[in-house]
Structures are given as C-alpha cells and as structure tokens.
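The structure appears below as structure tokens.
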Amino acid sequence: MSSEKQTQAESGKTVFVKTYGCQMNVYDSERMVSLLRPLGYRTVENAANADLVILNTCHIREKAAEKLYSDLGRLRRTKAESARDMTVAVAGCVAQAEGEEVAERADIVDIVVGPQAYHRLPEMIARAARRTGAVLDTDFSVEEKFDALARNRDADGVSAFVTVQEGCDKFCTFCVVPYTRGAEISRSAAAIISETRALAQAGVREVTLLGQNVNAWTSPAPAAGYGVKARKDGAWGLGELCRAIARIDGVARIRFTTSHPRDMDEALIAALGEEEKLMPYLHLPVQSGADRILKAMNRGHTAADYFDLIARIRAARPDIALSGDFIVGFPGETNSDFEETLALTEAVCYASAYSFKYSRRPGTPAAILAKQVAEDEKDRRLAVLQALLKEQRDAFCAGLVGETLPVLFERPGRKAGQLIGKTPYLQSVHAYAPDSNVGGIAPVRIEAVTPNALAGELAGAADEGRPARMKAGDAQEPRV
Ligand code: 5AD
Ligand code: SF4
C-alpha cells in the first residue's frame with residue numbers, strides 16, 4: 001500500500017464534490033460536506049481518491065445538463081480504475097428535474113438527491129451501501145431542510161453564505177427554476193439571525209444572504225424585534241432583515257443575491273443607503289432591454305421601470321456597483337430588440353455581468369414559441385454584448401486604480417506573503433500583507449488591474465479582525 005493510500009485509509013472516508021451552476025449550489029455543496037464530516041468524511045480534490053463522489057448539478061441551461069452526462073461517462077472510467085468502492089451521488093436541480101432518467105441513463109449513479117433532501121444524505125449513503133439499486137429522494141420539504149442544515153453547519157472561513165429564501169414563483173417563460181426548486185419560501189428571521197450570530201462568533205466577518213429571489217424574502221416581524229422597526233403591516237422584508245444582521249457583533253459586511261427588480265422595495269433601497277455594512281454591490285438581472293421581449297419573458301417590468309429603479313438605488317447609494325444577467329436570442333428577439341439591450345447596457349453601465357445565449361428548456365413556455373433564433377445569430381449577439389460588458393467592467397476596474405479601498409482579507413494567495421481579499425465591490429484583490437490580516441479589513445491602495453483581479457498595496461493596519469473564537473459553552477446572550 002502506498003503511503004498516500006495508507007494515510008487515506010487511516011483518516012476515514014473521502015468525498016469529492018463537484019459543483020455546477022449558481023451560488024445556491026455552492027452553498028448546498030458546503031452544507032453537504034458539513035453534514036458528512038461527523039460521519040468521518042473529509043474532502044479530496046480528485047474523484048479518483050474518493051469513496052463518495054457528489055455531482056451537485058445545475059439544470060438552468062441545456063449545456064449544464066449535458067455536462068453532467070459527459071462527466072458521468074468520465075467518472076465511470078475513474079470508478080473502474082479505482083481500488084475504492086466508489087459511491088456516486090447526483091444532487092441538485094438535474095436530480096430534482098430528471099432524477100429517474102439520470103438513474104436509468106447512467107448506471108454508475110447510486111444516489112439521486114434533490115435540493116430539498118440533502119439532510120437525508122447520510123441515511124441514503126447507508127442504503128446505497130447495500131447495493132440494491134439506485135436510491136432516489138427528491139421530496140420537497142424546504143423548511144425541514146433549512147432546519148437540518150443549519151444545525152449541522154460548521155464555519156471555517158471569513159465569508160459565509162446563509163440561505164434565507166428558496167424557490168421562485170416568478171415563472172419567467174425561459175426558466176426551469178420554478179419547476180425544479182419549487183415555490184418561494186422564506187426562512188424565519190429568528191433562524192437566520194441565530195445562524196448568523198453563530199457564524200460571527202466562529203469568526204465569519206461577511207455574510208451573503210442567498211435566495212433564488214432573495215429580495216422576495218419576507219416574514220412576520222419576529223417577537224424579539226432585534227431593535228428593528230417593523231413595517232406598518234407588521235412584516236419584515238429583506239431591508240429589515242439586513243438591518244437586524246448589521247446589528248450582530250462581528251459581522252462587518254453583508255451582501256445578498258440574487259434580486260429581482262420587481263421585489264426591490266423602498267425599505268430595501270433605504271437600507272442600502274443607510275446601513276454601512278451593506279456592501280455597495282447589487283446583482284439585479286434584467287435579461288433584456290426590449291419591452292416586447294421583457295413581456296414575452298414574463299419579467300413583470302419594462303425597461304423604463306428598470307431605469308427608474310436604478311435611479312432610485314443610485315440616489316440612495318451613489319457608489320453602488322451594478323451587476324446583471326442577460327439572455328440573448330430569446331424566441332422572437334429581433335436585431336432591433338437586441339439593439340435595445342445594448343442601449344440599456346450602455347445607459348446602466350455595469351461593473352460586472354453574466355450573459356447567456358437563450359437555451360430551450362423542455363417544459364417551459366418559451367420552449368414551444370415559434371421564431372426560435374438561429375444559433376449563429378445568438379453567437380453573434382452574445383459576442384457583441386459580452387464585448388460591451390467587458391469594456392464596462394474594465395472601465396470600472398480602471399477607475400479604482402489609485403483609490404484606497406477597505407479590503408476584507410480572506411486567505412493566503414499563491415505567492416508567498418500575499419493575501420487575497422475582496423473590495424466592497426466584490427472584486428478580488430491581491431496584496432502583500434501579514435497572515436494575521438486574514439479576517440481583517442485593511443485599507444489597500446489599488447495599483448493595477450490584472451485579468452481576474454486587482455493588485456494593491458497595503459496602506460494601513462487592519463481592523464481588529466476576527467473575534468477570538470468563543471469556547472463552547474460561553475454565554476451567548478443575544479446581542480441584537
Ligand atoms: N437560457 C439562457 N439563460 C437562462 N437563464 C435562466 N434560464 C435560462 C435559459 N433557459 C439565465 C438568466 C438567469 C440566470 C441565472 O441564468 O439570465 O438570471
Ligand atoms: Fe428563473 Fe425568473 Fe425565477 Fe429568476 S426570477 S429563477 S429567471 S423564473
């Protein structure tokens with residue numbers, strides 16, 4: 001036995017997780033790993049060394065699903081060559097949407113687990129070990145999942161995700177999410193606050209509140225009040241939740257994603273303007289700049305509504321950096337519709353953005369629309385839009401050169417002595433700084449723009465950084 005194999009055998013079981021798609025999946029993958037740790041699993045970087053391989057899939061575009069099947073093909077060879085009795089689990093939205101097909105089409109799959117059933121993963125692994133056929137669980141019980149995953153979470157970073165909302169009721173005509181992730185459901189304010197407080201006590205300084213439609217989050221005002229004024233109707237929205245989280249000791253930065261323009265209410269805009277801990281960065285997908293297409297997409301707003309919203313957000317928080325999602329080549333999109341998307345992009349000026357070719361998803365209303373746009377025309381439009389968005393991103397980054405920004409240092413960089421952190425605008429920054437700065441926020445003078453990040457020079461001391469880890473059993477009086 002090689003010494004590497006010996007070490008693995010001694011240290012228990014190994015898991016390899018591959019995550020496709022959105023932040024929701026990144027978060028869910030972290031949660032699954034947390035859940036498996038008490039069972040003796042540790043993560044490995046390579047499927048060949050894993051007892052358990054989890055592919056956490058995305059279903060949003062056709063290519064993402066195809067990628068799963070080609071990865072499963074490769075995994076079959078890895079499994080054949082591996083000395084381990086490898087268990088293969090397919091998780092995420094493909095599992096939810098076409099779990100039975102996955103199990104039939106790829107016989108190496110032992111477990112199919114939908115996004116609402118991850119907390120049952122340990123028992124599914126035990127059942128799969130009996131090798132009596134694929135184990136499927138794609139039940140919907142979001143609340144049960146929220147509770148179970150929060151109980152099992154461990155925090156080991158500077159920045160953490162906290163799921164506050166799942167699902168989507170918007171039914172954009174191109175999108176599978178309302179079918180795969182189900183209806184909008186909000187987690188209770190008390191549960192979110194208690195999870196965030198525990199994260200802060202473990203040293204987390206930045207929380208990103210996650211939801212498919214995060215700004216649709218709502219809850220009756222919690223009895224505890226947390227020092228935040230409820231709305232007239234007695235409810236809390238995301239604005240109130242962010243204000244409560246800003247009052248938690250140790251939390252220095254708050255972000256949230258992904259927002260829908262329709263749910264961007266005045267209370268949230270006011271919080272963005274008033275709460276310094278809320279970072280000046282907002283991901284606000286628009287998809288198209290043409291009213292005709294926005295209507296066909298069922299987005300529920302016009303281009304003018306979007307402009308008006310951006311103006312109100314910028315009035316509240318003038319330095320806000322905006323990010324967006326775009327789809328080119330939606331069925332029926334003419335060149336002149338596309339020109340309107342370019343005009344909207346020019347007018348808004350994005351700091352970053354994601355853009356996609358429309359992908360026809362079976363079961364969605366847009367899939368059966370006539371006038372599907374030819375693939376080469378989609379390619380052309382995407383290239384034009386991406387060139388414009390890149391120009392805007394480069395200009396935004398170039399505008400920061402010479403400025404001194406507060407950077408939250410997250411981890412060591414590749415080069416000795418270097419740390420990697422984030423600006424308030426979510427760009428990565430490399431700077432030489434002592435390791436003790438990890439978890440601290442320090443002023444950094446931005447010197448240059450590199451292909452995927454900024455380079456800067458430390459321009460002062462970091463703040464007090466992470467609080468000393470509290471010992472288990474320490475009194476944890478609510479601070480909010
Ligand atoms: N085709 C292309 N892009 C899509 N998105 C969602 N569904 C599709 C689709 N069928 C994009 C949207 C969304 C992002 C998460 O993915 O831009 O905001
Ligand atoms: Fe999909 Fe639209 Fe819901 Fe976003 S808002 S998840 S694009 S249906």
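Ordered as shown in the structure tokens, chains take letters A, B, and onward, while each chain numbers its residues from 1 and ligands are numbered from 1 in the order shown.
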
**Request:** Would you kindly return, as a PyMOL selection string, each protein, DNA or RNA residue with an atom no farther than 8 Å from any atom of Arg181 in chain A, considering only C-alpha atoms and excluding same-chain residues fewer than 6 positions away?
**Result:** chain A and resi 93+96+115+166-168

Take the residues that were just selected and, keeping N, CA, C and O atoms, output them as a PDB file, in the first residue's frame.
ATOM      1  N   CYS A  93     -30.292  20.375  -9.177  1.00  0.00           N
ATOM      2  CA  CYS A  93     -31.517  20.593  -9.954  1.00  0.00           C
ATOM      3  C   CYS A  93     -31.741  19.563 -11.050  1.00  0.00           C
ATOM      4  O   CYS A  93     -32.890  19.280 -11.390  1.00  0.00           O
ATOM      5  N   GLN A  96     -33.369  16.802  -9.294  1.00  0.00           N
ATOM      6  CA  GLN A  96     -34.759  17.116  -8.993  1.00  0.00           C
ATOM      7  C   GLN A  96     -35.639  16.958 -10.234  1.00  0.00           C
ATOM      8  O   GLN A  96     -36.715  16.392 -10.185  1.00  0.00           O
ATOM      9  N   PRO A 115     -32.535  18.960  -4.206  1.00  0.00           N
ATOM     10  CA  PRO A 115     -32.040  20.037  -3.339  1.00  0.00           C
ATOM     11  C   PRO A 115     -32.750  20.146  -1.985  1.00  0.00           C
ATOM     12  O   PRO A 115     -32.217  20.730  -1.069  1.00  0.00           O
ATOM     13  N   GLU A 166     -35.747  30.218  -0.650  1.00  0.00           N
ATOM     14  CA  GLU A 166     -35.535  29.300  -1.780  1.00  0.00           C
ATOM     15  C   GLU A 166     -36.738  29.365  -2.689  1.00  0.00           C
ATOM     16  O   GLU A 166     -37.822  29.758  -2.288  1.00  0.00           O
ATOM     17  N   GLY A 167     -36.528  28.932  -3.903  1.00  0.00           N
ATOM     18  CA  GLY A 167     -37.633  28.790  -4.838  1.00  0.00           C
ATOM     19  C   GLY A 167     -38.009  30.071  -5.536  1.00  0.00           C
ATOM     20  O   GLY A 167     -37.505  31.157  -5.220  1.00  0.00           O
ATOM     21  N   CYS A 168     -38.896  29.929  -6.502  1.00  0.00           N
ATOM     22  CA  CYS A 168     -39.283  31.082  -7.304  1.00  0.00           C
ATOM     23  C   CYS A 168     -40.696  30.915  -7.837  1.00  0.00           C
ATOM     24  O   CYS A 168     -41.044  29.842  -8.334  1.00  0.00           O
TER      25      CYS A 168
END

**Asked** Got a sec to check which residues lie within 6 Å of ligand 1, using only C-alpha atoms and all ligand atoms, and send them as number ranges by chain?
**Response** A: 60-61, 174-175, 285, 287, 325-327, 356-361

**Request:** Just give me the gap between CA of Asp319 in chain A and CA of Ala290 in chain A in Å, one decimal is fine.
**Result:**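 Distance reported for this atom pair: 26.6 Å.
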
**Message:** What's around Glu274 in chain A at 12 Å? Count only C-alpha atoms, leave out sequence neighbours fewer than 6 positions away in its own chain, and write the answer as a VMD selection string.
**Reply:** chain A and resid 239 to 240 242 to 243 246 267 to 268 280 313 315 to 318

Store the residues picked out above in a file with C-alpha atoms, as a tab-separated table (two decimals), in the first residue's frame.
chain	number	residue	atom	x	y	z
A	239	GLY	CA	-34.32	45.51	4.22
A	240	GLU	CA	-35.38	44.90	7.83
A	242	CYS	CA	-30.32	43.26	6.71
A	243	ARG	CA	-30.69	45.93	9.39
A	246	ALA	CA	-25.99	44.61	10.72
A	267	ALA	CA	-37.35	49.70	2.50
A	268	LEU	CA	-34.54	47.67	0.96
A	280	PRO	CA	-22.36	48.73	-2.42
A	313	ILE	CA	-30.98	52.90	-5.92
A	315	ALA	CA	-29.79	58.15	-5.37
A	316	ALA	CA	-29.72	56.16	-2.11
A	317	ARG	CA	-26.24	54.67	-2.61
A	318	PRO	CA	-24.32	56.66	-5.24

**Asked** Just asking: which residues within range 230-435 of chain A are strand (DSSP E or B) according to DSSP, as a ChimeraX atom specification?
**Response** /A:235-237,253-257,278,281-283,287,321-328,352-357,404-412,418-422,428-432

**Message:** Residues within 9 Å of Tyr306 in chain A, please, as a list in words. Count only C-alpha atoms; anything in the same chain fewer than 4 positions from it doesn't count.
**Reply:**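 Listing them by chain and then by number gives Pro261, Arg262, Val286, His301, Thr302, Ile310 and Ala311 of chain A.
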
Export, as a short mmCIF file (atom, residue, chain, number, x, y, z; two decimals), in the first residue's frame, the selected residues with N, CA and C atoms.
data_model
loop_
_atom_site.label_atom_id
_atom_site.label_comp_id
_atom_site.auth_asym_id
_atom_site.auth_seq_id
_atom_site.Cartn_x
_atom_site.Cartn_y
_atom_site.Cartn_z
N PRO A 261 -35.86 42.65 -10.00
CA PRO A 261 -36.25 44.06 -10.00
C PRO A 261 -37.64 44.30 -9.38
N ARG A 262 -38.55 43.34 -9.58
CA ARG A 262 -39.92 43.53 -9.06
C ARG A 262 -39.99 43.55 -7.54
N VAL A 286 -31.61 41.77 -15.56
CA VAL A 286 -32.66 42.43 -16.36
C VAL A 286 -33.03 41.57 -17.56
N HIS A 301 -41.84 43.73 -15.69
CA HIS A 301 -41.42 45.13 -15.67
C HIS A 301 -40.95 45.54 -17.06
N THR A 302 -40.90 46.84 -17.28
CA THR A 302 -40.42 47.35 -18.57
C THR A 302 -38.98 47.85 -18.39
N ILE A 310 -33.10 51.77 -10.96
CA ILE A 310 -31.65 52.00 -10.84
C ILE A 310 -31.41 53.44 -10.35
N ALA A 311 -32.19 54.37 -10.88
CA ALA A 311 -32.01 55.78 -10.48
C ALA A 311 -32.28 55.92 -8.98
#

**Message:** If the limit is 7 Å from any atom of ligand 2, counting only C-alpha atoms and all ligand atoms, which residues qualify? Return them as a list in words.
**Reply:**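 Going residue by residue within 7 Å of ligand 2, we get Cys168, Asp169, Lys170, Phe171, Cys172, Cys175, Val176, Val177, Pro178, Gln212, Asn213, His260 and Arg299 of chain A.
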
**Item:** Using only C-alpha atoms: which of A:Ala303, A:Ala189, A:Ala202, A:Ala95 has the shortest distance to Ala235 in chain A
**Value:** A:Ala189

**Request:** Can you check which residues of range 152-309 of chain A DSSP gives as alpha helix (DSSP H) on the backbone and send them as a PyMOL selection string?
**Result:** chain A and resi 177-180+189-201+238-246+266-274+291-296+303-309

**Request:** Enter the distance from CA of Asp51 in chain A to CA of Met86 in chain A, in Å, rounded to one decimal.
**Result:**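 Going from CA of Asp51 in chain A over to CA of Met86 in chain A covers 4.6 Å.
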
If you count only C-alpha atoms, which residues fall within 10 Å of Ser219 in chain A, apart from same-chain ones fewer than 5 positions away, as a PDB file with all heavy atoms, in the first residue's frame?
ATOM      1  N   ILE A 185     -40.171  30.303  -0.757  1.00  0.00           N
ATOM      2  CA  ILE A 185     -40.386  30.077   0.669  1.00  0.00           C
ATOM      3  C   ILE A 185     -39.285  30.792   1.443  1.00  0.00           C
ATOM      4  O   ILE A 185     -38.125  30.746   1.048  1.00  0.00           O
ATOM      5  CB  ILE A 185     -40.487  28.569   1.004  1.00  0.00           C
ATOM      6  CG1 ILE A 185     -40.493  28.341   2.510  1.00  0.00           C
ATOM      7  CG2 ILE A 185     -39.379  27.759   0.386  1.00  0.00           C
ATOM      8  CD1 ILE A 185     -41.103  27.037   2.911  1.00  0.00           C
ATOM      9  N   SER A 186     -39.695  31.487   2.501  1.00  0.00           N
ATOM     10  CA  SER A 186     -38.740  32.264   3.294  1.00  0.00           C
ATOM     11  C   SER A 186     -38.468  31.560   4.609  1.00  0.00           C
ATOM     12  O   SER A 186     -39.389  31.050   5.255  1.00  0.00           O
ATOM     13  CB  SER A 186     -39.316  33.647   3.606  1.00  0.00           C
ATOM     14  OG  SER A 186     -39.519  34.371   2.417  1.00  0.00           O
ATOM     15  N   ARG A 187     -37.229  31.567   4.998  1.00  0.00           N
ATOM     16  CA  ARG A 187     -36.847  31.001   6.285  1.00  0.00           C
ATOM     17  C   ARG A 187     -37.162  32.026   7.373  1.00  0.00           C
ATOM     18  O   ARG A 187     -37.165  33.231   7.097  1.00  0.00           O
ATOM     19  CB  ARG A 187     -35.351  30.772   6.212  1.00  0.00           C
ATOM     20  CG  ARG A 187     -34.816  29.865   7.209  1.00  0.00           C
ATOM     21  CD  ARG A 187     -33.341  29.679   6.905  1.00  0.00           C
ATOM     22  NE  ARG A 187     -32.693  29.127   8.044  1.00  0.00           N
ATOM     23  CZ  ARG A 187     -31.394  29.158   8.235  1.00  0.00           C
ATOM     24  NH1 ARG A 187     -30.616  29.735   7.338  1.00  0.00           N
ATOM     25  NH2 ARG A 187     -30.869  28.631   9.303  1.00  0.00           N
ATOM     26  N   SER A 188     -37.375  31.574   8.598  1.00  0.00           N
ATOM     27  CA  SER A 188     -37.782  32.536   9.622  1.00  0.00           C
ATOM     28  C   SER A 188     -36.624  33.467   9.995  1.00  0.00           C
ATOM     29  O   SER A 188     -35.459  33.065   9.972  1.00  0.00           O
ATOM     30  CB  SER A 188     -38.286  31.815  10.874  1.00  0.00           C
ATOM     31  OG  SER A 188     -37.199  31.443  11.689  1.00  0.00           O
ATOM     32  N   ALA A 189     -36.982  34.703  10.367  1.00  0.00           N
ATOM     33  CA  ALA A 189     -35.974  35.699  10.737  1.00  0.00           C
ATOM     34  C   ALA A 189     -35.156  35.195  11.922  1.00  0.00           C
ATOM     35  O   ALA A 189     -33.925  35.327  11.946  1.00  0.00           O
ATOM     36  CB  ALA A 189     -36.666  37.016  11.084  1.00  0.00           C
ATOM     37  N   ALA A 190     -35.826  34.583  12.897  1.00  0.00           N
ATOM     38  CA  ALA A 190     -35.112  34.137  14.101  1.00  0.00           C
ATOM     39  C   ALA A 190     -34.056  33.090  13.745  1.00  0.00           C
ATOM     40  O   ALA A 190     -32.927  33.133  14.251  1.00  0.00           O
ATOM     41  CB  ALA A 190     -36.111  33.575  15.110  1.00  0.00           C
ATOM     42  N   GLY A 234     -46.732  45.033   9.852  1.00  0.00           N
ATOM     43  CA  GLY A 234     -46.192  44.075  10.826  1.00  0.00           C
ATOM     44  C   GLY A 234     -45.222  43.073  10.214  1.00  0.00           C
ATOM     45  O   GLY A 234     -44.800  42.132  10.881  1.00  0.00           O
ATOM     46  N   ALA A 235     -44.865  43.270   8.959  1.00  0.00           N
ATOM     47  CA  ALA A 235     -43.968  42.300   8.313  1.00  0.00           C
ATOM     48  C   ALA A 235     -42.540  42.836   8.267  1.00  0.00           C
ATOM     49  O   ALA A 235     -42.300  44.025   8.475  1.00  0.00           O
ATOM     50  CB  ALA A 235     -44.461  42.025   6.899  1.00  0.00           C
ATOM     51  N   TRP A 236     -41.632  41.935   8.021  1.00  0.00           N
ATOM     52  CA  TRP A 236     -40.264  42.299   7.682  1.00  0.00           C
ATOM     53  C   TRP A 236     -40.012  41.894   6.235  1.00  0.00           C
ATOM     54  O   TRP A 236     -40.520  40.882   5.762  1.00  0.00           O
ATOM     55  CB  TRP A 236     -39.269  41.507   8.538  1.00  0.00           C
ATOM     56  CG  TRP A 236     -38.878  42.143   9.820  1.00  0.00           C
ATOM     57  CD1 TRP A 236     -39.543  43.105  10.510  1.00  0.00           C
ATOM     58  CD2 TRP A 236     -37.707  41.807  10.591  1.00  0.00           C
ATOM     59  NE1 TRP A 236     -38.863  43.404  11.658  1.00  0.00           N
ATOM     60  CE2 TRP A 236     -37.733  42.622  11.727  1.00  0.00           C
ATOM     61  CE3 TRP A 236     -36.671  40.909  10.428  1.00  0.00           C
ATOM     62  CZ2 TRP A 236     -36.738  42.558  12.704  1.00  0.00           C
ATOM     63  CZ3 TRP A 236     -35.680  40.831  11.380  1.00  0.00           C
ATOM     64  CH2 TRP A 236     -35.713  41.663  12.519  1.00  0.00           C
ATOM     65  N   GLY A 237     -39.234  42.721   5.558  1.00  0.00           N
ATOM     66  CA  GLY A 237     -38.730  42.333   4.242  1.00  0.00           C
ATOM     67  C   GLY A 237     -37.216  42.231   4.356  1.00  0.00           C
ATOM     68  O   GLY A 237     -36.650  42.359   5.452  1.00  0.00           O
ATOM     69  N   LEU A 238     -36.554  42.078   3.231  1.00  0.00           N
ATOM     70  CA  LEU A 238     -35.103  41.896   3.267  1.00  0.00           C
ATOM     71  C   LEU A 238     -34.384  43.101   3.873  1.00  0.00           C
ATOM     72  O   LEU A 238     -33.364  42.950   4.537  1.00  0.00           O
ATOM     73  CB  LEU A 238     -34.579  41.608   1.848  1.00  0.00           C
ATOM     74  CG  LEU A 238     -33.128  41.148   1.801  1.00  0.00           C
ATOM     75  CD1 LEU A 238     -32.931  39.802   2.486  1.00  0.00           C
ATOM     76  CD2 LEU A 238     -32.632  41.068   0.351  1.00  0.00           C
ATOM     77  N   GLU A 240     -35.351  45.020   6.368  1.00  0.00           N
ATOM     78  CA  GLU A 240     -35.379  44.903   7.834  1.00  0.00           C
ATOM     79  C   GLU A 240     -34.430  43.792   8.284  1.00  0.00           C
ATOM     80  O   GLU A 240     -33.715  43.925   9.279  1.00  0.00           O
ATOM     81  CB  GLU A 240     -36.805  44.608   8.334  1.00  0.00           C
ATOM     82  CG  GLU A 240     -37.743  45.809   8.308  1.00  0.00           C
ATOM     83  CD  GLU A 240     -38.258  46.148   6.930  1.00  0.00           C
ATOM     84  OE1 GLU A 240     -38.190  45.288   6.027  1.00  0.00           O
ATOM     85  OE2 GLU A 240     -38.712  47.300   6.720  1.00  0.00           O
ATOM     86  N   LEU A 241     -34.419  42.688   7.530  1.00  0.00           N
ATOM     87  CA  LEU A 241     -33.535  41.577   7.903  1.00  0.00           C
ATOM     88  C   LEU A 241     -32.068  42.034   7.862  1.00  0.00           C
ATOM     89  O   LEU A 241     -31.286  41.741   8.779  1.00  0.00           O
ATOM     90  CB  LEU A 241     -33.752  40.394   6.952  1.00  0.00           C
ATOM     91  CG  LEU A 241     -32.905  39.167   7.254  1.00  0.00           C
ATOM     92  CD1 LEU A 241     -33.285  38.549   8.608  1.00  0.00           C
ATOM     93  CD2 LEU A 241     -33.034  38.103   6.160  1.00  0.00           C
TER      94      LEU A 241
END

Counting only C-alpha atoms, which residues in range 271-317 of chain A sit no more than 6 Å from range 253-258 of chain A? For each one, give the nearest pair of atoms and the distance in Å, sorted by chain then residue number, as JSON lines.
{"residue": "A:Lys277", "atom": "CA", "partner": "A:Arg253", "partner_atom": "CA", "distance": 4.7}
{"residue": "A:Leu278", "atom": "CA", "partner": "A:Ile254", "partner_atom": "CA", "distance": 4.7}
{"residue": "A:Met279", "atom": "CA", "partner": "A:Arg255", "partner_atom": "CA", "distance": 5.9}

**Asked** Can you tell me, as a list in words, what residues are no more than 9 Å from range 102-107 of chain A when counting only C-alpha atoms, ignoring any on the same chain fewer than 4 positions away?
**Response** Tyr69, Leu72, Gly73, Arg76, Val90, Val94, Ala95, Glu98, Ile111, Val112, Ala134, Val135 and Leu136 of chain A

**Prompt:** Leaving out Arg381 in chain A and any residue of its chain fewer than 6 positions from it, which residues lie within 8 Å of it when counting only C-alpha atoms, given as an MDAnalysis selection string?
**Reply:** chainID A and resid 328:329 338

**Shortest interatomic distance to Leu458 in chain A - which of A:Val26, A:Val15, A:Val444, A:Met297, counting only C-alpha atoms** =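 Ranking A:Val26, A:Val15, A:Val444, A:Met297 by distance to Leu458 in chain A, first place goes to A:Val444.
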
**Asked** Between CA of Leu75 in chain A and CA of Pro362 in chain A, what is the distance, to one decimal in Å?
**Response** 26.6 Å
